Each structure stands twice: as structure tokens, then as C-alpha cells.
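Report on the following structure.
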Amino acid sequence: MPVLHQIIIVALITTFIVLLISKIGLRDFIITEGPKKVSQLFSCDFCLCFWISLTITLIAHFIVGWPFTLILPVYSTPIARYLL
């Protein structure tokens, strides 16, 4: 699969996850009840998109085994942030 397709897919999955945790109220709960560092992470869209993208690509890296997949969060995070 071309790299551009991988970047777009990771960005779309990340956007879906962020919207889902916002819709069910988990994000607001973590912001109000979580530790300070975790609540700061969940209140920043860019940071949250990066860490979710990194988690997705780490899972894909262990499944596929390509080391190049670890650079995808750098490119997919701004796209996911724009989509939010």
C-alpha cells in the first residue's frame, strides 16, 4: 500500500477514535477526574491525535513488521487535527 494511503488511513482512524471518546463522554471524564498530566494530554487535540496515531502505528508495526510505519504519526497528526 502506498505511504500516502497509510497516512490518510491512520489519520481517519485517529479522528474516529477522538470523536468517539468525545461523544461517549470519556474524554471529558478523563479531563476532569484524571491526573494533571493525563488531563492536559486529553485537553490538547494535537497531543491526543499524536499519541493515538502512535498507538495505531505501533500496533500496525507489530502486525506488519515494517519499520517505516513508525514515521506515520508525524504526518497523520496534522491531518487528523484538521479533520477535527
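We name chains A, B, ... following the order of the C-alpha cells; residues begin at 1 in each chain, and ligands are numbered from 1 as shown.
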Practice item. Write out as a ChimeraX atom specification which residues come within 12 Å of A:Arg27 when counting only C-alpha atoms, dropping same-chain ones fewer than 2 positions away. Key: /A:17-25,29-34,38-45,48
Those selected residues, please, written with C-alpha atoms and delivered as a PDB file, in the first residue's frame.
ATOM      1  CA  ILE A  17     -11.318   7.422  17.881  1.00  0.00           C
ATOM      2  CA  VAL A  18     -11.058  11.019  19.155  1.00  0.00           C
ATOM      3  CA  LEU A  19     -14.626  11.767  18.082  1.00  0.00           C
ATOM      4  CA  LEU A  20     -15.835   8.522  19.660  1.00  0.00           C
ATOM      5  CA  ILE A  21     -14.250   9.138  23.054  1.00  0.00           C
ATOM      6  CA  SER A  22     -15.573  12.710  22.956  1.00  0.00           C
ATOM      7  CA  LYS A  23     -19.086  11.564  22.052  1.00  0.00           C
ATOM      8  CA  ILE A  24     -19.372   8.958  24.816  1.00  0.00           C
ATOM      9  CA  GLY A  25     -18.017  11.408  27.390  1.00  0.00           C
ATOM     10  CA  PHE A  29     -14.352  12.458  32.342  1.00  0.00           C
ATOM     11  CA  ILE A  30     -10.601  11.977  31.985  1.00  0.00           C
ATOM     12  CA  ILE A  31     -10.015  15.736  31.751  1.00  0.00           C
ATOM     13  CA  THR A  32     -11.924  16.395  34.976  1.00  0.00           C
ATOM     14  CA  GLU A  33     -11.041  13.302  37.006  1.00  0.00           C
ATOM     15  CA  GLY A  34      -7.646  12.198  35.726  1.00  0.00           C
ATOM     16  CA  VAL A  38      -3.210  12.929  31.625  1.00  0.00           C
ATOM     17  CA  SER A  39      -5.885  15.636  31.746  1.00  0.00           C
ATOM     18  CA  GLN A  40      -3.535  18.044  29.940  1.00  0.00           C
ATOM     19  CA  LEU A  41      -2.911  15.396  27.285  1.00  0.00           C
ATOM     20  CA  PHE A  42      -6.621  14.794  26.726  1.00  0.00           C
ATOM     21  CA  SER A  43      -7.440  18.506  26.590  1.00  0.00           C
ATOM     22  CA  CYS A  44      -4.964  19.110  23.724  1.00  0.00           C
ATOM     23  CA  ASP A  45      -6.314  17.872  20.372  1.00  0.00           C
ATOM     24  CA  LEU A  48      -4.155  13.364  21.736  1.00  0.00           C
TER      25      LEU A  48
END
**Study point:** Distance in Å - atom CA of A:Ile8 versus atom CA of A:Thr77
**Key:** 9.9 Å
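The smallest atom-to-atom distance between A:Ile59 and any of A:Phe46, A:Val10, A:His5, A:Pro35, using only C-alpha atoms, is found for A:Val10.
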Review point. For A:Ile71, which residue among A:Leu58, A:Leu84, A:Met1, A:Leu12 is the nearest when counting only C-alpha atoms?
Key: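 That would be A:Leu58, the residue with the smallest distance to A:Ile71.
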Check your understanding: Rounded to one decimal in Å, what is the spacing between atom CA of A:Lys36 and atom CA of A:Thr55?
Key ->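 Pair atom CA of A:Lys36 / atom CA of A:Thr55 returns 21.1 Å.
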**Study point:** alpha helix (DSSP H) per DSSP on the backbone: members of chain A, as number ranges by chain
**Key:** A: 3-23, 26-33, 36-43, 45-64, 72-83
Practice item. Would you mind telling me which residue in A:Pro73, A:Lys37, A:Ile13, A:Pro78 lies nearest to A:Ser53 when using only C-alpha atoms? Key: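 Counting only C-alpha atoms, the residue closest to A:Ser53 is A:Pro73.
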Check your understanding: At what distance in Å, to one decimal, does atom CA of A:Thr15 lie from atom CA of A:Leu83?
Key -> 6.8 Å
